[in-house]
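**Q** Below you will find the structure I want to go over with you.
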Amino acid sequence: MGNYNDLALHKKVLEYCNHYHYLTSGKEIEYDNKSGYCATHWPAYLTVDLEREYDLRQISFQLWDYEDPNNKLADKAKYVDQIYAYRLLLSSDKRSWQVIHDTAGTSSKYRKGWQTFLFDNAIRVRYIRVHAIHNMKNSGFHIVRLHAFEEINPFFDKGNVFICFDPYELELGDAYPLSNQLLDLSGRIQNAMPRTVSTMLKQRYTQIIDYLFEKSKELDAVDGKVDEVRKLIAEPISEKFEEEFKKNNRSEVVGLVISVVSLVIWIVIMIFKL
C-alpha cells in the first residue's frame with residue numbers, strides 16, 4: 001500500500017485571497033459561482049507552503065469547472081468560457097523556482113477542471129505556486145482544490161494528466177505582482193485592526209485600507225500589461241530563437257535580434273497606450 005497522504009492538507013496559502021481554506025481542505029464538496037473555492041484576481045500567485053521539504057511525485061489541482069458534477073450552478077451555459085491560463089512553479093526555498101508547466105506553451109492554452117502532474121523523478125518541494133495568468137470570462141481566478149503526494153496516487157489520476165521530466169526551466173527571485181503585494185498588505189491591516197477601537201482610529205484604518213486597495217487596482221492594470229507583453233513577445237520569440245539555434249543559423253539569429261528589439265519597443269508602447 002502506497003503512502004497517499006495529502007501533504008497539502010490544511011496547509012496555508014501565503015498570499016491574500018478569498019476563501020483560502022477551501023484550497024487545501026482535502027474535501028470534495030459542492031460549489032457554485034459564489035462559494036466552495038479559493039479565488040483571487042489575475043495576474044496573481046497562489047502559493048501553498050508545505051511547511052517543510054518533501055520529495056513529490058504528484059501534484060493535482062482543480063480549476064473551477066462548469067461541467068463538474070460537484071458544481072451546482074443553475075445556469076451553467078453562461079460559464080462555458082470560464083477557462084483559465086496558468087503556470088505551475090515549484091520551489092524549496094522561495095527564491096529559485098522550477099517552471100513545471102505553462103499553458104501558453106501548449107496546444108490547449110486555456111483549461112478547466114482537474115490538472116494532474118506526475119513527476120518521472122521525485123522533485124524536492126516546499127512551495128507549490130500556481131501563477132494565475134488569465135480567465136477568458138472575467139478578472140477572477142478560481143481553484144477549487146489542491147493536493148500533493150510523495151507517491152503517484154493511482155486513485156487520483158483525474159482530468160488532464162501531464163508526465164513531467166527534468167530538467168525544468170528555472171526562474172530566480174520571487175517576483176510577486178506589486179498589485180497583490182498591496183492587496184495582501186491591506187488584508188493584513190484589516191485583520192490586525194483591534195475589535196474595539198475609537199471611531200476616529202477605525203476611520204483611519206479604513207482610509208488606509210481603501211487607499212491600498214485602490215492603488216492595488218491601478219497596479220493590477222500594469223501587472224496585466226506585463227503579462228500581456230510576456231504572451232505577445234517573450235514566448236513567441238523564445239520559441240523562434242530556439243528554432244534558429246537548433247538550425248545553427250547564426251545570420252538569421254542576428255537578424256532576428258535586430259527585428260526583435262524594434263518589435264519590443266513598438267509593442268510595449270502600443271500596449272501601455274491602451
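In the C-alpha cells, chains take letters A, B, ... by order of appearance, with residues numbered from 1 within each chain and ligands from 1 in the order shown.
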Within 8 Å of range 109-124 of chain A, counting only C-alpha atoms, which residues show up once you throw out same-chain ones fewer than 5 positions away? Write them as a ChimeraX atom specification, please.
**A** /A:53-65,68,82-86,91-92,103-104,150,152,157-166
**Q** Write the residues you've just listed into a file as a CSV table (one decimal), in the first residue's frame, and include N, CA and C atoms for each of them.
**A**
```
chain,number,residue,atom,x,y,z
A,53,GLU,N,10.3,20.5,3.3
A,53,GLU,CA,10.5,19.9,2.0
A,53,GLU,C,10.1,18.5,2.0
A,54,TYR,N,9.5,18.1,0.8
A,54,TYR,CA,9.1,16.8,0.5
A,54,TYR,C,9.6,16.4,-0.9
A,55,ASP,N,9.8,15.1,-1.1
A,55,ASP,CA,10.1,14.6,-2.5
A,55,ASP,C,8.8,14.2,-3.1
A,56,LEU,N,8.2,15.1,-3.9
A,56,LEU,CA,6.9,14.9,-4.5
A,56,LEU,C,7.0,14.1,-5.8
A,57,ARG,N,6.0,13.3,-6.0
A,57,ARG,CA,5.8,12.6,-7.3
A,57,ARG,C,4.5,13.0,-8.0
A,58,GLN,N,3.6,13.7,-7.3
A,58,GLN,CA,2.4,14.1,-7.9
A,58,GLN,C,1.8,15.3,-7.3
A,59,ILE,N,1.3,16.2,-8.1
A,59,ILE,CA,0.5,17.4,-7.7
A,59,ILE,C,-0.7,17.4,-8.5
A,60,SER,N,-1.9,17.6,-7.9
A,60,SER,CA,-3.1,17.8,-8.6
A,60,SER,C,-3.9,19.0,-8.1
A,61,PHE,N,-4.5,19.8,-9.0
A,61,PHE,CA,-5.4,20.8,-8.5
A,61,PHE,C,-6.5,21.0,-9.5
A,62,GLN,N,-7.6,21.5,-9.0
A,62,GLN,CA,-8.8,21.6,-9.7
A,62,GLN,C,-9.2,23.0,-10.0
A,63,LEU,N,-9.3,23.4,-11.3
A,63,LEU,CA,-9.8,24.7,-11.6
A,63,LEU,C,-11.3,24.6,-11.7
A,64,TRP,N,-11.9,25.8,-11.4
A,64,TRP,CA,-13.4,25.9,-11.5
A,64,TRP,C,-13.9,25.3,-12.8
A,65,ASP,N,-14.9,24.5,-12.7
A,65,ASP,CA,-15.3,23.8,-13.9
A,65,ASP,C,-16.8,23.7,-14.0
A,68,ASP,N,-18.3,20.1,-14.0
A,68,ASP,CA,-18.1,19.3,-12.8
A,68,ASP,C,-19.4,18.9,-12.1
A,82,GLN,N,-15.6,30.3,-19.0
A,82,GLN,CA,-14.8,30.5,-17.8
A,82,GLN,C,-13.7,29.4,-17.8
A,83,ILE,N,-12.6,29.7,-18.5
A,83,ILE,CA,-11.5,28.8,-18.6
A,83,ILE,C,-10.2,29.6,-18.3
A,84,TYR,N,-9.1,28.9,-17.9
A,84,TYR,CA,-8.0,29.6,-17.3
A,84,TYR,C,-6.7,29.3,-18.0
A,85,ALA,N,-5.8,30.3,-18.0
A,85,ALA,CA,-4.4,30.1,-18.3
A,85,ALA,C,-3.6,30.3,-17.1
A,86,TYR,N,-2.6,29.4,-16.9
A,86,TYR,CA,-1.8,29.4,-15.7
A,86,TYR,C,-0.4,28.9,-15.9
A,91,SER,N,9.2,25.2,-5.7
A,91,SER,CA,10.5,25.7,-5.1
A,91,SER,C,10.7,25.1,-3.7
A,92,SER,N,12.0,25.0,-3.3
A,92,SER,CA,12.3,24.5,-2.0
A,92,SER,C,12.7,25.7,-1.1
A,103,THR,N,0.6,26.8,-19.6
A,103,THR,CA,-0.4,26.6,-20.6
A,103,THR,C,-0.1,27.3,-21.9
A,104,ALA,N,0.6,28.4,-21.8
A,104,ALA,CA,0.8,29.2,-23.0
A,104,ALA,C,1.7,28.4,-24.0
A,150,GLU,N,3.6,12.2,-2.1
A,150,GLU,CA,5.0,11.7,-2.2
A,150,GLU,C,5.1,10.5,-3.2
A,152,ILE,N,2.9,8.5,-6.6
A,152,ILE,CA,1.9,8.6,-7.6
A,152,ILE,C,0.6,7.9,-7.0
A,157,ASP,N,-6.0,10.1,-10.5
A,157,ASP,CA,-5.4,10.5,-11.8
A,157,ASP,C,-6.5,11.2,-12.7
A,158,LYS,N,-7.1,12.3,-12.1
A,158,LYS,CA,-8.2,12.9,-12.7
A,158,LYS,C,-7.8,14.0,-13.8
A,159,GLY,N,-8.7,14.2,-14.7
A,159,GLY,CA,-8.6,15.3,-15.6
A,159,GLY,C,-7.4,15.2,-16.6
A,160,ASN,N,-6.8,16.4,-16.9
A,160,ASN,CA,-5.6,16.5,-17.7
A,160,ASN,C,-4.4,16.0,-16.9
A,161,VAL,N,-3.8,14.9,-17.5
A,161,VAL,CA,-2.6,14.3,-16.8
A,161,VAL,C,-1.4,14.6,-17.6
A,162,PHE,N,-0.4,15.2,-16.9
A,162,PHE,CA,0.9,15.5,-17.6
A,162,PHE,C,2.0,14.8,-16.9
A,163,ILE,N,2.9,14.1,-17.7
A,163,ILE,CA,4.1,13.5,-17.2
A,163,ILE,C,5.2,14.5,-17.3
A,164,CYS,N,5.9,14.8,-16.2
A,164,CYS,CA,6.9,15.8,-16.2
A,164,CYS,C,8.3,15.3,-16.0
A,165,PHE,N,9.2,15.8,-16.9
A,165,PHE,CA,10.6,15.3,-16.9
A,165,PHE,C,11.5,16.5,-16.6
A,166,ASP,N,12.5,16.2,-15.8
A,166,ASP,CA,13.5,17.3,-15.6
A,166,ASP,C,14.6,17.2,-16.7
```
**Q** Distance CA of Asn135 in chain A-CA of His10 in chain A, one decimal place?
**A**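 Taking CA of Asn135 in chain A and CA of His10 in chain A, their separation equals 26.2 Å.
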**Q** I'd like the interatomic distance between CA of Asn153 in chain A and CA of Tyr22 in chain A, to a tenth of an Å.
**A**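 Value for the CA of Asn153 in chain A-CA of Tyr22 in chain A distance: 21.1 Å.
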**Q** Give me, as an MDAnalysis selection string, all polymer residues having an atom no more than 12 Å from Tyr37 in chain A, counting only C-alpha atoms and skipping those fewer than 3 positions away in the same chain.
**A** chainID A and resid 17:34 40 61:65 70:71 140:146
**Q** Save the residues we just selected, N, CA, C and O atoms, as a compact mmCIF listing (two decimals), in the first residue's frame?
**A**
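Written file, selection28.txt:
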```
# COMPACT_ATOMS: atom_id res chain seq x y z
N CYS A 17 -6.10 36.01 -0.36
CA CYS A 17 -7.07 35.59 -1.36
C CYS A 17 -8.39 35.28 -0.65
O CYS A 17 -8.44 35.21 0.59
N ASN A 18 -9.42 35.10 -1.42
CA ASN A 18 -10.73 34.81 -0.84
C ASN A 18 -10.91 33.30 -0.64
O ASN A 18 -10.60 32.52 -1.52
N HIS A 19 -11.42 32.93 0.52
CA HIS A 19 -11.77 31.53 0.83
C HIS A 19 -10.56 30.60 0.68
O HIS A 19 -10.67 29.51 0.11
N TYR A 20 -9.41 31.04 1.18
CA TYR A 20 -8.17 30.26 1.03
C TYR A 20 -8.28 28.87 1.63
O TYR A 20 -7.62 27.92 1.19
N HIS A 21 -9.13 28.71 2.66
CA HIS A 21 -9.22 27.43 3.37
C HIS A 21 -9.76 26.31 2.48
O HIS A 21 -9.49 25.13 2.72
N TYR A 22 -10.53 26.66 1.45
CA TYR A 22 -11.06 25.63 0.56
C TYR A 22 -9.95 24.94 -0.22
O TYR A 22 -10.03 23.75 -0.53
N LEU A 23 -8.90 25.69 -0.56
CA LEU A 23 -7.87 25.18 -1.46
C LEU A 23 -7.21 23.91 -0.93
O LEU A 23 -6.94 22.98 -1.67
N THR A 24 -6.94 23.88 0.38
CA THR A 24 -6.24 22.73 0.95
C THR A 24 -7.10 21.98 1.97
O THR A 24 -6.59 21.35 2.88
N SER A 25 -8.40 22.06 1.79
CA SER A 25 -9.31 21.39 2.72
C SER A 25 -9.30 19.87 2.54
O SER A 25 -9.67 19.12 3.45
N GLY A 26 -8.89 19.41 1.36
CA GLY A 26 -8.83 17.98 1.09
C GLY A 26 -10.17 17.35 0.79
O GLY A 26 -10.25 16.16 0.50
N LYS A 27 -11.23 18.12 0.86
CA LYS A 27 -12.58 17.57 0.68
C LYS A 27 -13.13 17.93 -0.69
O LYS A 27 -12.91 19.03 -1.19
N GLU A 28 -13.84 16.98 -1.28
CA GLU A 28 -14.58 17.27 -2.50
C GLU A 28 -15.99 17.67 -2.09
O GLU A 28 -16.79 16.82 -1.69
N ILE A 29 -16.26 18.95 -2.17
CA ILE A 29 -17.57 19.45 -1.75
C ILE A 29 -18.24 20.16 -2.92
O ILE A 29 -17.61 20.46 -3.93
N GLU A 30 -19.51 20.42 -2.77
CA GLU A 30 -20.24 21.13 -3.80
C GLU A 30 -19.82 22.60 -3.83
O GLU A 30 -19.46 23.18 -2.80
N TYR A 31 -19.84 23.18 -5.01
CA TYR A 31 -19.51 24.60 -5.16
C TYR A 31 -20.36 25.20 -6.26
O TYR A 31 -21.08 24.50 -6.99
N ASP A 32 -20.31 26.52 -6.38
CA ASP A 32 -21.05 27.22 -7.43
C ASP A 32 -20.23 28.43 -7.84
O ASP A 32 -19.00 28.39 -7.79
N ASN A 33 -20.88 29.52 -8.22
CA ASN A 33 -20.13 30.71 -8.63
C ASN A 33 -19.91 31.68 -7.47
O ASN A 33 -19.40 32.78 -7.68
N LYS A 34 -20.26 31.27 -6.25
CA LYS A 34 -20.11 32.17 -5.10
C LYS A 34 -19.27 31.58 -3.97
O LYS A 34 -18.66 32.32 -3.21
N THR A 40 -8.86 34.58 -6.47
CA THR A 40 -8.04 35.79 -6.49
C THR A 40 -8.31 36.49 -7.82
O THR A 40 -9.12 36.02 -8.62
N PHE A 61 -4.47 19.76 -8.96
CA PHE A 61 -5.36 20.83 -8.51
C PHE A 61 -6.52 20.96 -9.49
O PHE A 61 -6.41 20.60 -10.66
N GLN A 62 -7.61 21.46 -8.96
CA GLN A 62 -8.85 21.55 -9.74
C GLN A 62 -9.22 23.01 -9.99
O GLN A 62 -9.47 23.77 -9.05
N LEU A 63 -9.26 23.37 -11.26
CA LEU A 63 -9.77 24.68 -11.64
C LEU A 63 -11.30 24.64 -11.66
O LEU A 63 -11.89 23.58 -11.88
N TRP A 64 -11.90 25.78 -11.42
CA TRP A 64 -13.37 25.89 -11.46
C TRP A 64 -13.86 25.34 -12.80
O TRP A 64 -13.33 25.67 -13.86
N ASP A 65 -14.89 24.50 -12.75
CA ASP A 65 -15.32 23.78 -13.95
C ASP A 65 -16.84 23.70 -13.99
O ASP A 65 -17.46 23.07 -13.13
N ASN A 70 -19.92 18.31 -9.14
CA ASN A 70 -19.98 18.99 -7.85
C ASN A 70 -20.31 20.48 -7.99
O ASN A 70 -20.56 21.15 -6.99
N ASN A 71 -20.28 20.98 -9.21
CA ASN A 71 -20.64 22.38 -9.44
C ASN A 71 -22.16 22.47 -9.56
O ASN A 71 -22.75 21.99 -10.53
N GLY A 140 -11.50 37.15 -12.37
CA GLY A 140 -11.26 36.23 -11.27
C GLY A 140 -10.49 34.99 -11.71
O GLY A 140 -10.52 34.59 -12.87
N PHE A 141 -9.79 34.39 -10.75
CA PHE A 141 -9.11 33.12 -10.98
C PHE A 141 -9.51 32.21 -9.83
O PHE A 141 -9.34 32.56 -8.66
N HIS A 142 -10.05 31.03 -10.14
CA HIS A 142 -10.71 30.21 -9.14
C HIS A 142 -10.16 28.78 -9.14
O HIS A 142 -10.23 28.09 -10.16
N ILE A 143 -9.62 28.37 -7.99
CA ILE A 143 -9.13 27.00 -7.82
C ILE A 143 -9.94 26.34 -6.71
O ILE A 143 -10.06 26.89 -5.61
N VAL A 144 -10.47 25.18 -7.00
CA VAL A 144 -11.35 24.50 -6.04
C VAL A 144 -10.54 23.75 -4.99
O VAL A 144 -10.81 23.86 -3.79
N ARG A 145 -9.54 22.98 -5.43
CA ARG A 145 -8.80 22.13 -4.51
C ARG A 145 -7.38 21.90 -5.02
O ARG A 145 -7.14 21.94 -6.23
N LEU A 146 -6.43 21.64 -4.09
CA LEU A 146 -5.05 21.30 -4.47
C LEU A 146 -4.55 20.18 -3.56
O LEU A 146 -4.77 20.22 -2.35
```
**Q** Could you work out how far CA of Glu67 in chain A lies from CA of Glu151 in chain A, giving the answer in Å with one decimal?
**A** 28.5 Å
**Q** When you count only C-alpha atoms, which of these residues is closest to Arg95 in chain A: A:Asp49, A:Glu171, A:Asp75, A:Asp81?
**A** A:Glu171
**Q** With a distance cut-off of 6 Å and only C-alpha atoms, select the neighbouring residues of Trp42 in chain A, excluding the residue or stretch itself and same-chain residues fewer than 3 positions from it, and output the selection as an NGL selection string.
**A** :A and (132-134 or 141)
**Q** Would you mind writing down, as a list of chain:residue names, each residue of range 61-109 of chain A that DSSP on the backbone assigns to strand (DSSP E)?
**A**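 Filtering range 61-109 of chain A down to strand (DSSP E) leaves A:Phe61, A:Gln62, A:Leu63, A:Tyr84, A:Ala85, A:Tyr86, A:Arg87, A:Leu88, A:Leu89, A:Leu90, A:Ser91, A:Ser96, A:Trp97, A:Gln98, A:Val99, A:Ile100, A:His101, A:Asp102.
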**Q** Could you dump the residues just selected with N, CA, C and O atoms as a PDB file, in the first residue's frame?
**A**
```
ATOM      1  N   PHE A  61      -4.466  19.760  -8.962  1.00  0.00           N
ATOM      2  CA  PHE A  61      -5.356  20.828  -8.508  1.00  0.00           C
ATOM      3  C   PHE A  61      -6.518  20.963  -9.486  1.00  0.00           C
ATOM      4  O   PHE A  61      -6.413  20.603 -10.662  1.00  0.00           O
ATOM      5  N   GLN A  62      -7.615  21.462  -8.958  1.00  0.00           N
ATOM      6  CA  GLN A  62      -8.846  21.551  -9.740  1.00  0.00           C
ATOM      7  C   GLN A  62      -9.219  23.005  -9.987  1.00  0.00           C
ATOM      8  O   GLN A  62      -9.468  23.766  -9.054  1.00  0.00           O
ATOM      9  N   LEU A  63      -9.257  23.375 -11.257  1.00  0.00           N
ATOM     10  CA  LEU A  63      -9.769  24.683 -11.642  1.00  0.00           C
ATOM     11  C   LEU A  63     -11.295  24.637 -11.662  1.00  0.00           C
ATOM     12  O   LEU A  63     -11.894  23.579 -11.879  1.00  0.00           O
ATOM     13  N   TYR A  84      -9.144  28.901 -17.935  1.00  0.00           N
ATOM     14  CA  TYR A  84      -8.020  29.592 -17.313  1.00  0.00           C
ATOM     15  C   TYR A  84      -6.675  29.275 -17.962  1.00  0.00           C
ATOM     16  O   TYR A  84      -6.429  28.153 -18.396  1.00  0.00           O
ATOM     17  N   ALA A  85      -5.810  30.295 -17.967  1.00  0.00           N
ATOM     18  CA  ALA A  85      -4.405  30.124 -18.337  1.00  0.00           C
ATOM     19  C   ALA A  85      -3.576  30.261 -17.064  1.00  0.00           C
ATOM     20  O   ALA A  85      -3.850  31.127 -16.227  1.00  0.00           O
ATOM     21  N   TYR A  86      -2.568  29.410 -16.920  1.00  0.00           N
ATOM     22  CA  TYR A  86      -1.792  29.418 -15.678  1.00  0.00           C
ATOM     23  C   TYR A  86      -0.398  28.851 -15.917  1.00  0.00           C
ATOM     24  O   TYR A  86      -0.100  28.277 -16.972  1.00  0.00           O
ATOM     25  N   ARG A  87       0.444  29.012 -14.909  1.00  0.00           N
ATOM     26  CA  ARG A  87       1.727  28.310 -14.841  1.00  0.00           C
ATOM     27  C   ARG A  87       1.811  27.616 -13.483  1.00  0.00           C
ATOM     28  O   ARG A  87       1.262  28.106 -12.498  1.00  0.00           O
ATOM     29  N   LEU A  88       2.523  26.491 -13.436  1.00  0.00           N
ATOM     30  CA  LEU A  88       2.787  25.797 -12.182  1.00  0.00           C
ATOM     31  C   LEU A  88       4.278  25.878 -11.900  1.00  0.00           C
ATOM     32  O   LEU A  88       5.100  25.487 -12.737  1.00  0.00           O
ATOM     33  N   LEU A  89       4.626  26.410 -10.719  1.00  0.00           N
ATOM     34  CA  LEU A  89       6.025  26.558 -10.327  1.00  0.00           C
ATOM     35  C   LEU A  89       6.241  25.914  -8.959  1.00  0.00           C
ATOM     36  O   LEU A  89       5.359  25.968  -8.093  1.00  0.00           O
ATOM     37  N   LEU A  90       7.427  25.340  -8.769  1.00  0.00           N
ATOM     38  CA  LEU A  90       7.765  24.678  -7.510  1.00  0.00           C
ATOM     39  C   LEU A  90       9.104  25.186  -6.998  1.00  0.00           C
ATOM     40  O   LEU A  90       9.996  25.512  -7.779  1.00  0.00           O
ATOM     41  N   SER A  91       9.233  25.240  -5.663  1.00  0.00           N
ATOM     42  CA  SER A  91      10.475  25.727  -5.068  1.00  0.00           C
ATOM     43  C   SER A  91      10.694  25.073  -3.712  1.00  0.00           C
ATOM     44  O   SER A  91       9.742  24.680  -3.030  1.00  0.00           O
ATOM     45  N   SER A  96      14.387  30.356  -5.842  1.00  0.00           N
ATOM     46  CA  SER A  96      14.514  29.809  -7.191  1.00  0.00           C
ATOM     47  C   SER A  96      13.320  28.887  -7.443  1.00  0.00           C
ATOM     48  O   SER A  96      12.959  28.080  -6.582  1.00  0.00           O
ATOM     49  N   TRP A  97      12.738  29.032  -8.629  1.00  0.00           N
ATOM     50  CA  TRP A  97      11.501  28.321  -8.960  1.00  0.00           C
ATOM     51  C   TRP A  97      11.682  27.496 -10.225  1.00  0.00           C
ATOM     52  O   TRP A  97      12.219  27.988 -11.218  1.00  0.00           O
ATOM     53  N   GLN A  98      11.233  26.270 -10.172  1.00  0.00           N
ATOM     54  CA  GLN A  98      11.218  25.423 -11.357  1.00  0.00           C
ATOM     55  C   GLN A  98       9.847  25.547 -12.022  1.00  0.00           C
ATOM     56  O   GLN A  98       8.817  25.338 -11.375  1.00  0.00           O
ATOM     57  N   VAL A  99       9.863  25.909 -13.297  1.00  0.00           N
ATOM     58  CA  VAL A  99       8.616  26.072 -14.051  1.00  0.00           C
ATOM     59  C   VAL A  99       8.218  24.701 -14.592  1.00  0.00           C
ATOM     60  O   VAL A  99       8.810  24.197 -15.539  1.00  0.00           O
ATOM     61  N   ILE A 100       7.218  24.119 -13.984  1.00  0.00           N
ATOM     62  CA  ILE A 100       6.802  22.760 -14.338  1.00  0.00           C
ATOM     63  C   ILE A 100       5.890  22.755 -15.560  1.00  0.00           C
ATOM     64  O   ILE A 100       5.980  21.881 -16.421  1.00  0.00           O
ATOM     65  N   HIS A 101       5.029  23.757 -15.639  1.00  0.00           N
ATOM     66  CA  HIS A 101       4.044  23.762 -16.728  1.00  0.00           C
ATOM     67  C   HIS A 101       3.595  25.188 -17.010  1.00  0.00           C
ATOM     68  O   HIS A 101       3.456  25.998 -16.095  1.00  0.00           O
ATOM     69  N   ASP A 102       3.389  25.466 -18.285  1.00  0.00           N
ATOM     70  CA  ASP A 102       2.894  26.773 -18.727  1.00  0.00           C
ATOM     71  C   ASP A 102       1.881  26.513 -19.830  1.00  0.00           C
ATOM     72  O   ASP A 102       2.234  25.994 -20.897  1.00  0.00           O
TER      73      ASP A 102
END
```
**Q** Of the candidates A:Lys94, A:His131, A:Lys137, A:Arg204, which one gets nearest to Leu172 in chain A if we count only C-alpha atoms?
**A**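 That would be A:Lys94, the residue with the smallest distance to Leu172 in chain A.
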**Q** Let me make sure I understand: among A:Met200, A:Lys76, A:Tyr211, A:Val130, which one has the smallest atom-to-atom distance to Cys38 in chain A if we use only C-alpha atoms?
**A**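 For Cys38 in chain A, the nearest of the given residues is A:Val130.
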**Q** Please extract the residues of range 8-61 of chain A with a backbone DSSP assignment of alpha helix (DSSP H) and present them as a PDB file with C-alpha atoms, in the first residue's frame.
**A**
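Done, and the output landed in selection24.pdb:
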```
ATOM      1  CA  TYR A  20      -8.175  30.264   1.026  1.00  0.00           C
ATOM      2  CA  HIS A  21      -9.219  27.427   3.366  1.00  0.00           C
ATOM      3  CA  TYR A  22     -11.063  25.626   0.561  1.00  0.00           C
ATOM      4  CA  LEU A  23      -7.869  25.179  -1.461  1.00  0.00           C
TER       5      LEU A  23
END
```
